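Structure file work36.cif; described as mmCIF, C-alpha atoms and all ligand atoms.
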```cif
data_structure
loop_
_atom_site.label_atom_id
_atom_site.label_comp_id
_atom_site.auth_asym_id
_atom_site.auth_seq_id
_atom_site.Cartn_x
_atom_site.Cartn_y
_atom_site.Cartn_z
CA MET C 199 -117.42 -20.99 -179.70
CA ILE C 200 -115.80 -17.58 -180.18
CA ARG C 201 -113.06 -17.94 -182.74
CA LYS C 202 -110.39 -15.34 -183.06
CA PHE C 203 -110.75 -13.04 -186.03
CA TYR C 204 -108.89 -9.85 -186.67
CA TYR C 205 -110.77 -6.73 -187.54
CA GLY C 206 -110.87 -6.69 -191.30
CA ASP C 207 -110.27 -10.40 -191.58
CA TYR C 208 -111.79 -12.01 -194.61
CA GLY C 209 -112.87 -15.56 -193.84
CA GLU C 210 -110.49 -18.48 -193.91
CA SER C 211 -109.13 -18.31 -197.41
CA LYS C 212 -107.40 -14.99 -197.13
CA HIS C 213 -105.59 -13.35 -194.29
CA GLY C 214 -107.00 -10.10 -193.02
CA ALA C 215 -105.29 -6.76 -193.04
CA ALA C 216 -104.08 -6.98 -189.46
CA ASP C 217 -102.56 -10.37 -190.17
CA ILE C 218 -100.76 -9.18 -193.22
CA SER C 219 -99.42 -6.00 -191.73
CA THR C 220 -98.26 -7.43 -188.42
CA THR C 221 -96.63 -10.66 -189.54
CA ASN C 222 -92.95 -10.95 -190.24
CA GLN C 223 -93.26 -11.02 -194.01
CA ASN C 224 -94.36 -7.42 -193.90
CA LYS C 225 -92.37 -6.23 -190.95
CA HIS C 226 -91.44 -3.01 -192.73
CA GLU C 227 -95.00 -1.84 -192.43
CA TRP C 228 -95.94 -0.14 -189.19
CA PRO C 229 -98.62 -2.13 -187.35
CA LEU C 230 -102.31 -1.38 -187.79
CA TRP C 231 -104.22 0.29 -184.93
CA GLU C 232 -107.93 0.64 -184.30
CA VAL C 233 -109.01 4.11 -183.20
CA PHE C 234 -111.84 4.83 -180.75
CA ILE C 235 -113.00 8.37 -180.11
CA ARG C 236 -115.11 9.98 -177.41
CA SER C 237 -116.86 12.83 -179.17
CA LYS C 238 -117.75 14.64 -175.94
CA GLN C 239 -117.61 14.15 -172.21
CA GLY C 240 -120.30 11.77 -171.05
CA LEU C 241 -120.41 9.67 -174.22
CA ASP C 242 -118.78 6.31 -174.95
CA HIS C 243 -115.72 5.95 -177.10
CA LYS C 244 -116.81 4.82 -180.54
CA HIS C 245 -114.84 3.05 -183.26
CA ALA C 246 -113.71 5.67 -185.78
CA GLY C 247 -111.42 3.71 -188.10
CA SER C 248 -107.87 2.47 -188.27
CA LEU C 249 -104.40 3.67 -189.14
CA HIS C 250 -100.76 2.64 -189.15
CA ALA C 251 -98.26 3.82 -186.56
CA ALA C 252 -94.98 2.63 -185.11
CA ASP C 253 -96.18 2.80 -181.49
CA ALA C 254 -99.12 3.82 -179.32
CA ALA C 255 -97.99 7.42 -178.86
CA MET C 256 -97.67 7.90 -182.61
CA ALA C 257 -101.01 6.17 -183.15
CA ILE C 258 -102.73 8.66 -180.84
CA GLU C 259 -101.08 11.63 -182.53
CA ASN C 260 -101.93 10.33 -185.99
CA ALA C 261 -105.48 9.62 -184.87
CA ARG C 262 -105.80 13.24 -183.79
CA ASP C 263 -104.71 14.42 -187.24
CA VAL C 264 -106.71 11.87 -189.22
CA TYR C 265 -109.93 11.64 -187.23
CA THR C 266 -110.35 14.87 -185.26
CA ARG C 267 -109.47 17.73 -187.62
CA ARG C 268 -112.82 19.35 -186.84
CA GLN C 269 -113.00 18.81 -183.08
CA GLU C 270 -114.70 15.44 -183.43
CA GLY C 271 -113.16 14.18 -180.20
CA VAL C 272 -112.09 14.96 -176.66
CA SER C 273 -110.46 11.59 -175.95
CA ILE C 274 -108.81 8.92 -178.08
CA TRP C 275 -108.17 5.23 -177.45
CA VAL C 276 -105.98 3.17 -179.74
CA VAL C 277 -105.45 -0.57 -179.69
CA GLU C 278 -103.29 -2.62 -182.00
CA SER C 279 -105.67 -4.40 -184.36
CA LYS C 280 -104.19 -7.81 -183.70
CA HIS C 281 -105.45 -7.64 -180.12
CA ILE C 282 -109.11 -7.35 -181.15
CA HIS C 283 -111.11 -10.55 -180.78
CA ALA C 284 -114.48 -10.80 -182.50
CA SER C 285 -117.45 -13.13 -182.74
CA ASN C 286 -117.79 -15.14 -185.92
CA PRO C 287 -120.38 -13.77 -188.36
CA ASP C 288 -120.96 -17.23 -189.84
CA GLU C 289 -122.29 -18.35 -186.48
CA ALA C 290 -124.23 -15.17 -185.77
CA GLY C 291 -127.56 -17.00 -186.22
CA SER C 292 -127.04 -19.58 -183.51
CA PHE C 293 -124.85 -17.33 -181.39
CA TYR C 294 -127.50 -14.66 -180.84
CA ASP C 295 -130.43 -17.05 -181.07
CA PRO C 296 -130.92 -17.48 -177.28
CA ALA C 297 -132.16 -13.88 -177.04
CA SER C 298 -134.63 -13.99 -179.91
CA ASP C 299 -137.55 -15.79 -178.18
CA LYS C 300 -137.53 -13.92 -174.90
CA VAL C 301 -140.00 -11.15 -175.56
CA TYR C 302 -140.83 -11.09 -171.84
CA ARG C 303 -137.58 -9.24 -171.32
CA HIS C 304 -139.19 -6.14 -172.81
CA PRO C 305 -141.61 -3.91 -170.89
CA THR C 306 -144.12 -3.93 -173.76
CA PHE C 307 -144.74 -7.66 -173.22
CA TYR C 308 -146.92 -6.97 -170.19
CA ASP C 309 -150.60 -6.24 -170.63
CA LEU C 310 -151.73 -3.71 -168.04
CA PRO C 311 -154.77 -1.41 -167.79
CA ASP C 312 -154.36 1.93 -169.61
CA GLU C 313 -155.52 3.79 -166.48
CA LEU C 314 -152.52 2.57 -164.51
CA GLN C 315 -150.17 5.51 -164.08
CA TYR C 316 -146.49 6.12 -163.52
CA MET C 317 -145.38 2.66 -164.60
CA MET L 274 -123.71 -26.15 -204.24
CA GLN L 275 -122.47 -24.73 -200.98
CA TRP L 276 -120.99 -21.87 -203.01
CA GLU L 277 -124.21 -21.28 -204.87
CA SER L 278 -126.25 -20.91 -201.73
CA SER L 279 -123.68 -18.56 -200.18
CA GLU L 280 -123.83 -16.42 -203.28
CA ALA L 281 -127.62 -16.41 -203.19
CA ARG L 282 -127.65 -15.50 -199.51
CA PHE L 283 -125.15 -12.73 -200.21
CA GLN L 284 -127.30 -11.25 -202.97
CA GLU L 285 -130.35 -11.49 -200.73
CA LYS L 286 -128.60 -9.39 -198.10
CA ILE L 287 -127.64 -6.83 -200.71
CA ASP L 288 -131.21 -6.67 -202.01
CA GLN L 289 -132.46 -6.08 -198.47
CA GLU L 290 -129.96 -3.24 -198.03
CA ILE L 291 -128.06 -5.12 -195.33
CA LYS L 292 -124.45 -3.93 -195.34
CA ILE L 293 -121.62 -6.37 -195.95
CA GLU L 294 -118.94 -6.27 -193.26
CA PRO L 295 -115.29 -7.35 -193.53
CA LYS L 296 -115.64 -10.82 -192.05
CA ASP L 297 -118.87 -11.73 -193.88
CA TRP L 298 -118.79 -14.17 -196.75
CA MET L 299 -118.54 -12.40 -200.10
CA PRO L 300 -117.92 -13.49 -203.69
CA GLU L 301 -114.25 -13.23 -204.61
CA LYS L 302 -115.18 -10.97 -207.52
CA TYR L 303 -116.98 -8.56 -205.18
CA ARG L 304 -113.89 -8.42 -202.99
CA GLN L 305 -111.60 -7.82 -205.96
CA THR L 306 -113.86 -5.17 -207.44
CA LEU L 307 -113.95 -3.32 -204.15
CA ILE L 308 -110.20 -3.54 -203.60
CA ARG L 309 -109.68 -2.09 -207.06
CA GLN L 310 -112.24 0.65 -206.68
CA ILE L 311 -111.38 1.69 -203.11
CA SER L 312 -107.61 1.65 -203.64
CA GLN L 313 -107.94 3.64 -206.86
CA HIS L 314 -110.08 6.08 -204.98
CA ALA L 315 -107.44 6.30 -202.21
CA HIS L 316 -104.67 6.85 -204.76
CA SER L 317 -106.71 9.64 -206.34
CA GLU L 318 -107.06 11.45 -203.01
CA CYS L 319 -103.30 11.22 -202.43
CA VAL L 320 -102.13 12.17 -205.90
CA GLY L 321 -104.85 14.82 -205.82
CA MET L 322 -102.86 16.71 -203.20
CA LEU L 323 -100.06 17.43 -205.66
CA PRO L 324 -101.63 19.87 -208.13
CA GLU L 325 -102.91 22.03 -205.28
CA ALA L 326 -99.82 21.74 -203.11
CA ASN L 327 -98.13 23.45 -206.03
CA TRP L 328 -99.83 26.72 -205.03
CA ILE L 329 -99.62 26.68 -201.24
CA THR L 330 -96.50 28.83 -201.09
CA ARG L 331 -97.93 31.24 -203.66
CA ALA L 332 -101.39 31.78 -202.21
CA PRO L 333 -102.24 35.50 -202.48
CA SER L 334 -103.21 35.95 -198.81
CA LEU L 335 -102.83 34.27 -195.45
CA ARG L 336 -106.55 33.46 -195.47
CA ARG L 337 -106.30 31.69 -198.82
CA LYS L 338 -103.16 29.91 -197.75
CA ALA L 339 -104.72 28.56 -194.55
CA ILE L 340 -107.75 27.38 -196.52
CA LEU L 341 -105.62 25.64 -199.14
CA ILE L 342 -103.50 23.90 -196.53
CA ALA L 343 -106.63 22.70 -194.72
CA LYS L 344 -108.08 21.37 -197.95
CA VAL L 345 -104.92 19.53 -198.95
CA GLN L 346 -104.69 18.06 -195.45
CA ASP L 347 -108.29 16.85 -195.78
CA GLU L 348 -107.38 15.07 -199.02
CA ALA L 349 -104.57 13.29 -197.19
CA GLY L 350 -107.13 12.23 -194.59
CA HIS L 351 -109.47 10.97 -197.32
CA GLY L 352 -106.68 8.86 -198.74
CA LEU L 353 -106.02 7.39 -195.29
CA TYR L 354 -109.70 6.57 -194.57
CA LEU L 355 -109.91 4.80 -197.90
CA TYR L 356 -106.64 2.89 -197.65
CA SER L 357 -107.77 1.45 -194.33
CA ALA L 358 -111.18 0.57 -195.77
CA ALA L 359 -109.40 -1.34 -198.56
CA GLU L 360 -107.17 -3.06 -196.01
CA THR L 361 -110.23 -4.66 -194.40
CA LEU L 362 -110.54 -6.66 -197.63
CA GLY L 363 -107.16 -8.29 -197.13
CA ILE L 364 -104.71 -6.18 -199.11
CA SER L 365 -101.84 -4.51 -197.25
CA ARG L 366 -101.00 -0.82 -197.35
CA ASP L 367 -97.57 -1.51 -198.80
CA GLU L 368 -99.06 -3.62 -201.56
CA MET L 369 -101.29 -0.73 -202.55
CA TYR L 370 -98.43 1.75 -202.48
CA ASP L 371 -96.45 -0.67 -204.62
CA GLN L 372 -99.27 -0.83 -207.14
CA LEU L 373 -99.42 2.96 -207.30
CA HIS L 374 -95.68 3.50 -207.55
CA SER L 375 -95.16 0.78 -210.14
CA GLY L 376 -97.86 2.31 -212.31
CA LYS L 377 -100.00 -0.82 -212.03
CA ALA L 378 -102.81 0.96 -210.19
CA LYS L 379 -104.79 3.76 -211.74
CA TYR L 380 -106.00 6.98 -210.20
CA SER L 381 -108.34 9.68 -211.42
CA SER L 382 -107.09 11.11 -214.71
CA ILE L 383 -107.92 14.65 -213.62
CA PHE L 384 -104.81 14.94 -211.46
CA ASN L 385 -102.55 14.56 -214.45
CA TYR L 386 -103.37 18.08 -215.62
CA PRO L 387 -101.15 20.99 -214.59
CA THR L 388 -102.19 23.89 -212.34
CA LEU L 389 -101.04 26.91 -214.29
CA THR L 390 -102.56 29.86 -212.45
CA TRP L 391 -104.03 30.74 -209.06
CA ALA L 392 -107.52 30.58 -210.61
CA ASP L 393 -106.96 26.85 -211.05
CA MET L 394 -107.34 26.51 -207.26
CA GLY L 395 -110.85 27.86 -207.66
CA ALA L 396 -111.70 25.79 -210.71
CA ILE L 397 -110.47 22.62 -209.00
CA GLY L 398 -112.56 23.28 -205.90
CA TRP L 399 -115.68 24.07 -207.87
CA LEU L 400 -115.42 21.54 -210.69
CA VAL L 401 -113.10 18.75 -209.58
CA ASP L 402 -114.32 18.54 -205.99
CA GLY L 403 -117.82 19.17 -207.29
CA ALA L 404 -117.60 16.18 -209.64
CA ALA L 405 -116.07 14.13 -206.84
CA ILE L 406 -118.97 15.00 -204.53
CA MET L 407 -121.48 13.99 -207.21
CA ASN L 408 -119.74 10.60 -207.35
CA GLN L 409 -119.23 10.28 -203.62
CA VAL L 410 -122.63 11.11 -202.18
CA PRO L 411 -124.27 7.93 -203.55
CA LEU L 412 -121.24 5.94 -202.34
CA CYS L 413 -122.25 6.76 -198.76
CA ARG L 414 -124.91 4.06 -199.30
CA THR L 415 -122.62 1.58 -201.02
CA SER L 416 -123.10 -2.02 -199.88
CA TYR L 417 -119.71 -2.52 -198.24
CA GLY L 418 -119.80 -1.16 -194.67
CA PRO L 419 -116.23 0.17 -194.22
CA TYR L 420 -116.34 1.89 -197.62
CA ALA L 421 -119.71 3.46 -196.89
CA ARG L 422 -118.52 4.73 -193.49
CA ALA L 423 -115.37 6.23 -195.02
CA MET L 424 -117.50 7.96 -197.64
CA VAL L 425 -119.81 9.47 -195.04
CA ARG L 426 -116.83 11.06 -193.33
CA ILE L 427 -115.39 12.23 -196.65
CA CYS L 428 -118.63 13.77 -197.88
CA LYS L 429 -118.98 15.80 -194.69
CA GLU L 430 -115.59 17.34 -195.42
CA GLU L 431 -115.91 17.82 -199.17
CA SER L 432 -118.54 20.49 -199.03
CA PHE L 433 -116.10 23.14 -197.86
CA HIS L 434 -113.72 22.19 -200.67
CA GLN L 435 -116.25 23.05 -203.31
CA ARG L 436 -117.52 26.19 -201.60
CA GLN L 437 -114.06 27.68 -201.07
CA GLY L 438 -113.31 27.06 -204.75
CA PHE L 439 -116.46 28.74 -205.95
CA GLU L 440 -115.88 31.66 -203.59
CA LEU L 441 -112.38 32.07 -204.97
CA LEU L 442 -113.72 32.21 -208.53
CA LEU L 443 -116.47 34.58 -207.48
CA HIS L 444 -113.87 37.00 -206.15
CA LEU L 445 -111.86 36.79 -209.37
CA SER L 446 -115.01 37.23 -211.44
CA LYS L 447 -115.58 40.57 -209.71
CA GLY L 448 -111.96 41.61 -210.12
CA ASN L 449 -110.18 43.45 -212.89
CA GLU L 450 -109.99 42.44 -216.53
CA ALA L 451 -106.90 40.27 -216.04
CA GLN L 452 -108.49 38.46 -213.09
CA ARG L 453 -111.68 37.79 -215.02
CA ARG L 454 -109.66 36.44 -217.93
CA MET L 455 -107.73 34.19 -215.59
CA CYS L 456 -110.99 32.93 -214.12
CA GLN L 457 -112.49 32.10 -217.52
CA ASP L 458 -109.27 30.50 -218.69
CA ALA L 459 -109.18 28.15 -215.67
CA ILE L 460 -112.80 27.14 -216.26
CA ASN L 461 -112.02 26.51 -219.92
CA ARG L 462 -109.14 24.21 -219.09
CA TRP L 463 -110.81 22.27 -216.24
CA TRP L 464 -114.31 21.80 -217.64
CA TRP L 465 -113.79 18.92 -220.03
CA PRO L 466 -111.37 16.96 -217.83
CA SER L 467 -113.88 17.36 -214.99
CA ILE L 468 -116.77 15.82 -216.86
CA MET L 469 -114.45 13.02 -217.96
CA MET L 470 -113.98 12.24 -214.24
CA PHE L 471 -117.27 10.34 -214.30
CA GLY L 472 -115.57 7.74 -216.45
CA PRO L 473 -116.46 6.21 -219.81
CA THR L 474 -120.04 6.23 -221.08
CA ASP L 475 -122.32 3.49 -219.81
CA ASP L 476 -122.02 1.34 -222.93
CA ALA L 477 -118.21 1.42 -222.56
CA SER L 478 -118.07 0.69 -218.81
CA PRO L 479 -117.76 -3.06 -218.41
CA ASN L 480 -117.96 -2.97 -214.61
CA THR L 481 -121.05 -0.87 -214.20
CA GLN L 482 -123.73 -3.53 -214.48
CA GLN L 483 -122.29 -5.96 -211.96
CA SER L 484 -121.42 -3.09 -209.64
CA MET L 485 -125.03 -1.89 -209.75
CA LYS L 486 -126.33 -5.38 -208.93
CA TRP L 487 -124.02 -5.54 -205.93
CA LYS L 488 -124.97 -1.97 -205.04
CA ILE L 489 -121.36 -0.89 -205.02
CA LYS L 490 -122.55 1.77 -207.44
CA ARG L 491 -125.98 3.34 -207.28
CA PHE L 492 -126.00 5.44 -210.43
CA THR L 493 -124.30 4.99 -213.78
CA ASN L 494 -121.49 7.22 -215.02
CA ASP L 495 -123.76 8.92 -217.55
CA GLU L 496 -126.50 9.61 -215.01
CA LEU L 497 -124.05 11.31 -212.65
CA ARG L 498 -122.35 13.22 -215.44
CA GLN L 499 -125.67 14.61 -216.66
CA LYS L 500 -126.60 15.67 -213.14
CA PHE L 501 -123.26 17.45 -212.75
CA ILE L 502 -123.56 19.26 -216.07
CA ASP L 503 -127.10 20.41 -215.25
CA VAL L 504 -125.95 21.84 -211.94
CA CYS L 505 -122.82 23.56 -213.28
CA ALA L 506 -124.60 25.10 -216.25
CA GLU L 507 -126.70 27.03 -213.75
CA GLN L 508 -123.93 27.78 -211.25
CA VAL L 509 -121.63 29.31 -213.86
CA LYS L 510 -124.15 32.10 -214.34
CA PHE L 511 -123.32 33.43 -210.86
CA LEU L 512 -119.78 33.93 -212.07
CA GLY L 513 -120.79 35.69 -215.25
CA MET L 514 -118.54 33.19 -217.03
CA THR L 515 -119.26 30.50 -219.62
CA LEU L 516 -118.60 26.80 -219.94
CA PRO L 517 -116.45 26.02 -222.99
CA ASP L 518 -119.04 23.96 -224.87
CA PRO L 519 -120.86 25.55 -227.83
CA ASP L 520 -123.36 22.65 -227.84
CA LEU L 521 -124.40 23.18 -224.24
CA LYS L 522 -128.08 24.11 -224.20
CA TRP L 523 -131.22 23.37 -222.22
CA ASN L 524 -133.37 20.63 -223.71
CA GLU L 525 -136.95 21.21 -222.61
CA GLU L 526 -138.07 17.76 -223.68
CA ARG L 527 -135.37 15.85 -221.77
CA GLY L 528 -135.42 18.24 -218.83
CA HIS L 529 -131.63 18.29 -219.04
CA TYR L 530 -128.83 20.22 -220.68
CA ASP L 531 -127.54 18.77 -223.95
CA PHE L 532 -123.78 18.87 -224.26
CA GLY L 533 -121.07 18.36 -226.85
CA THR L 534 -119.02 15.27 -227.61
CA ILE L 535 -116.38 14.34 -225.06
CA ASN L 536 -112.90 13.73 -226.40
CA TRP L 537 -112.52 10.13 -225.24
CA GLU L 538 -109.25 9.77 -227.09
CA GLU L 539 -107.77 12.32 -224.68
CA PHE L 540 -109.31 10.48 -221.71
CA TRP L 541 -107.74 7.14 -222.68
CA GLN L 542 -104.40 8.80 -223.39
CA VAL L 543 -104.32 10.36 -219.92
CA ILE L 544 -105.49 7.17 -218.20
CA GLY L 545 -102.90 5.26 -220.19
CA GLY L 546 -100.09 7.39 -218.75
CA ASN L 547 -99.70 9.98 -221.48
CA GLY L 548 -101.32 12.97 -219.83
CA PRO L 549 -99.38 16.20 -219.36
CA CYS L 550 -98.24 15.40 -215.79
CA ASN L 551 -98.48 11.60 -215.32
CA GLN L 552 -94.73 11.13 -215.08
CA GLN L 553 -94.24 14.12 -212.80
CA ARG L 554 -96.99 13.00 -210.40
CA LEU L 555 -95.65 9.46 -210.07
CA ASP L 556 -92.08 10.67 -209.70
CA THR L 557 -93.13 13.02 -206.89
CA ARG L 558 -94.99 10.21 -205.09
CA LYS L 559 -92.07 7.81 -205.44
CA LYS L 560 -89.55 10.38 -204.30
CA ALA L 561 -91.58 11.15 -201.19
CA TRP L 562 -91.90 7.43 -200.45
CA GLU L 563 -88.23 6.70 -200.93
CA GLU L 564 -86.97 9.72 -199.08
CA GLY L 565 -89.28 8.92 -196.17
CA ALA L 566 -87.93 5.39 -195.84
CA TRP L 567 -85.37 6.28 -193.16
CA VAL L 568 -88.08 7.94 -191.06
CA ARG L 569 -90.28 4.85 -191.21
CA GLU L 570 -87.38 2.60 -190.33
CA ALA L 571 -86.15 4.81 -187.50
CA ALA L 572 -89.62 5.05 -185.94
CA ALA L 573 -90.06 1.28 -186.15
CA ALA L 574 -86.64 0.69 -184.58
CA TYR L 575 -87.39 3.19 -181.81
CA ALA L 576 -90.73 1.50 -181.08
CA GLU L 577 -89.04 -1.90 -180.87
CA LYS L 578 -86.42 -0.62 -178.49
CA LYS L 579 -88.97 1.08 -176.28
CA LYS L 580 -91.15 -2.03 -176.19
CA ALA L 581 -88.20 -4.05 -174.95
CA ARG L 582 -87.51 -1.55 -172.18
CA THR L 583 -90.89 -0.55 -170.74
CA PRO L 584 -93.88 -2.63 -169.66
CA VAL L 585 -97.16 -2.22 -171.55
CA GLN L 586 -98.94 0.95 -170.49
CA GLN L 587 -102.49 0.73 -169.28
CA ILE L 588 -104.50 3.48 -170.91
CA ALA L 589 -108.14 2.66 -170.36
FE FE C 601 -111.24 14.25 -201.13
FE FE C 602 -111.85 17.44 -201.87
#
```
What does the file become when written as structure tokens?
Ligand SMILES: [Fe+2]
Ligand SMILES: [Fe+2]
Amino acid sequence: MIRKFYYGDYGESKHGAADISTTNQNKHEWPLWEVFIRSKQGLDHKHAGSLHAADAAMAIENARDVYTRRQEGVSIWVVESKHIHASNPDEAGSFYDPASDKVYRHPTFYDLPDELQYM
Amino acid sequence: MQWESSEARFQEKIDQEIKIEPKDWMPEKYRQTLIRQISQHAHSECVGMLPEANWITRAPSLRRKAILIAKVQDEAGHGLYLYSAAETLGISRDEMYDQLHSGKAKYSSIFNYPTLTWADMGAIGWLVDGAAIMNQVPLCRTSYGPYARAMVRICKEESFHQRQGFELLLHLSKGNEAQRRMCQDAINRWWWPSIMMFGPTDDASPNTQQSMKWKIKRFTNDELRQKFIDVCAEQVKFLGMTLPDPDLKWNEERGHYDFGTINWEEFWQVIGGNGPCNQQRLDTRKKAWEEGAWVREAAAAYAEKKKARTPVQQIA
């Protein structure tokens, strides 16, 4: 059901960026990394973008220079793009369908008297 | 027929302002147009560092030097955001560098003009970054997700570029006679190339119509140029300087400034490689790329060796 796609992959006809830059034909190019940044303590890391680096340590240093020049982060995660698995957008309809008819999962579904308090 | 319905569904998404993401189906032409536009934009940011880098060592104070370094570093960042946005469309970084270095890819013609005096740092910030902002703000809503996100980040950073430039000119405009002359001279030289940055007029821009339909572009070249001219014609008054266009005057009826004829012959010459600094800019880029080759190779070799020696580190 979940097929493997690289971040930045463009369908079947054309290889995605991660593919191109991490296969042997292009082995001169440093691999592509995805960068995730926590903007402040207490918040989740959020995808910020990508960059090329020879290894993880360099990716983190480059991410600091590229994505946090104005104190946008207090913590950085990097992961080589080829390790990212993603759901297939072509199947998004059927894939997320099971959740679309279950309105009773939301609190607003329930009809209760207005006078009822603290609920 | 399958293709036709995909195309229709694609256009429907665009019309509903739903962003297109890298793995979504898209017409090949849309993909190609974006690769061209985003990579050209990335090249412009990178080559754009060169005219200003020329003055870093000669900045008149530590404050100005720190500002200029920060600005040039931002432009490097802009290039990197954009290269990676283009990569999501299936072109590799090296391919794009190749296109730039071989002269196959174009970049903004403005960066092929020389920076002759310190006042040029001000004129570039005010006019060149100003024109770039005018172009870039609507691109924050462009239909391709990664491009739009890169533009949001870029626009946040551009504002200081323009303000520091105007401040620099403001200081010169209050200086002595020589400083005021230098200020006016820089404005004179950068004005026309800046308004050419918006590209050919609408009737000579073959890509505009399709790009508008796909919402890659939101405004035409002429619309943005007019907006820029209207804004600058007012701003220049704060400097007590003039814009070098005798035909520039407010048109009550149109609600816009009228302006003189742009020298398109010059524009096409510069785009075509015959500007004052085209050769120098490309040579500098190529030299940096070639002389950095050993660093790239050494880092890659070191990473390989380390990978072979140590187990994968758990970070999260
Ligand atoms: Fe920029
Ligand atoms: Fe800028």
Within 8 Å of chain C, which residues of chain L show up when using all atoms listed in the file, listed as a PyMOL selection string?
chain L and resi 295-298+350+353-354+357+360-367+569-570+572-573+576+588-589
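One distance worth recording is that between atom CA of C:Ser273 and atom CA of C:Arg236, which is 5.1 Å.
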Counting only C-alpha atoms and all ligand atoms, which protein, DNA or RNA residues come within 6 Å of ligand FE 602 (chain C), given as an mmCIF file with C-alpha atoms, keeping the file's coordinate frame?
```
data_model
loop_
_atom_site.group_PDB
_atom_site.id
_atom_site.type_symbol
_atom_site.label_atom_id
_atom_site.label_comp_id
_atom_site.auth_asym_id
_atom_site.auth_seq_id
_atom_site.Cartn_x
_atom_site.Cartn_y
_atom_site.Cartn_z
ATOM 1 C CA GLU L 348 -107.380 15.070 -199.020
ATOM 2 C CA ASP L 402 -114.320 18.540 -205.990
ATOM 3 C CA GLU L 431 -115.910 17.820 -199.170
ATOM 4 C CA HIS L 434 -113.720 22.190 -200.670
#
```
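Rounded to one decimal, atom CA of L:Arg436 and atom CA of L:Ile460 lie 15.4 Å from each other.
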Kindly indicate which residue among L:Lys580, L:His374, L:Thr415, L:His316 lies nearest to L:Lys486, using only C-alpha atoms for the distances.
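When distances to L:Lys486 are compared using only C-alpha atoms, the smallest one comes from L:Thr415.
Nearest residue to ligand FE 601 (chain C) among L:Asn494, L:Gln346, L:Ser375, L:Thr330 is L:Gln346, counting all atoms listed in the file.
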Report as a PyMOL selection string which protein, DNA and RNA residues come within 10 Å of ligand FE 601 (chain C), using all atoms listed in the file.
chain L and resi 314-315+317-319+321-322+344-352+401-402+405-406+409+424+427-428+430-432+434
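In this structure, atom CA of L:Gly438 sits 24.4 Å away from atom CA of L:Gln553.
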Contacts of L:Asn385 at 12 Å (only C-alpha atoms; same-chain gap of 3+ positions) as a ChimeraX atom specification:
/L:317,320-325,379-382,388,463,466-467,470,539-540,542-555
Reconstructed N, CA and C atoms for stretch 249-261 of chain C, given as a PDB file, in the frame of the given file:
```
ATOM      1  N   LEU C 249    -105.560   3.016-188.521  1.00  0.00           N
ATOM      2  CA  LEU C 249    -104.400   3.670-189.140  1.00  0.00           C
ATOM      3  C   LEU C 249    -103.127   2.915-188.763  1.00  0.00           C
ATOM      4  N   HIS C 250    -102.041   3.262-189.439  1.00  0.00           N
ATOM      5  CA  HIS C 250    -100.760   2.640-189.150  1.00  0.00           C
ATOM      6  C   HIS C 250     -99.904   3.590-188.313  1.00  0.00           C
ATOM      7  N   ALA C 251     -99.182   3.020-187.358  1.00  0.00           N
ATOM      8  CA  ALA C 251     -98.260   3.820-186.560  1.00  0.00           C
ATOM      9  C   ALA C 251     -97.226   2.895-185.948  1.00  0.00           C
ATOM     10  N   ALA C 252     -96.064   3.449-185.652  1.00  0.00           N
ATOM     11  CA  ALA C 252     -94.980   2.630-185.110  1.00  0.00           C
ATOM     12  C   ALA C 252     -95.259   2.226-183.662  1.00  0.00           C
ATOM     13  N   ASP C 253     -95.866   3.132-182.888  1.00  0.00           N
ATOM     14  CA  ASP C 253     -96.180   2.800-181.490  1.00  0.00           C
ATOM     15  C   ASP C 253     -97.449   3.539-181.050  1.00  0.00           C
ATOM     16  N   ALA C 254     -97.841   3.290-179.814  1.00  0.00           N
ATOM     17  CA  ALA C 254     -99.120   3.820-179.320  1.00  0.00           C
ATOM     18  C   ALA C 254     -99.139   5.354-179.320  1.00  0.00           C
ATOM     19  N   ALA C 255     -98.016   5.954-178.921  1.00  0.00           N
ATOM     20  CA  ALA C 255     -97.990   7.420-178.860  1.00  0.00           C
ATOM     21  C   ALA C 255     -98.184   8.013-180.252  1.00  0.00           C
ATOM     22  N   MET C 256     -97.520   7.412-181.236  1.00  0.00           N
ATOM     23  CA  MET C 256     -97.670   7.900-182.610  1.00  0.00           C
ATOM     24  C   MET C 256     -99.090   7.635-183.118  1.00  0.00           C
ATOM     25  N   ALA C 257     -99.648   6.504-182.709  1.00  0.00           N
ATOM     26  CA  ALA C 257    -101.010   6.170-183.150  1.00  0.00           C
ATOM     27  C   ALA C 257    -102.001   7.219-182.638  1.00  0.00           C
ATOM     28  N   ILE C 258    -101.820   7.656-181.406  1.00  0.00           N
ATOM     29  CA  ILE C 258    -102.730   8.660-180.840  1.00  0.00           C
ATOM     30  C   ILE C 258    -102.555  10.006-181.555  1.00  0.00           C
ATOM     31  N   GLU C 259    -101.313  10.377-181.819  1.00  0.00           N
ATOM     32  CA  GLU C 259    -101.080  11.630-182.530  1.00  0.00           C
ATOM     33  C   GLU C 259    -101.641  11.587-183.956  1.00  0.00           C
ATOM     34  N   ASN C 260    -101.394  10.464-184.633  1.00  0.00           N
ATOM     35  CA  ASN C 260    -101.930  10.330-185.990  1.00  0.00           C
ATOM     36  C   ASN C 260    -103.452  10.329-185.981  1.00  0.00           C
ATOM     37  N   ALA C 261    -104.018   9.678-184.962  1.00  0.00           N
ATOM     38  CA  ALA C 261    -105.480   9.620-184.870  1.00  0.00           C
ATOM     39  C   ALA C 261    -106.048  11.025-184.706  1.00  0.00           C
TER      40      ALA C 261
END
```
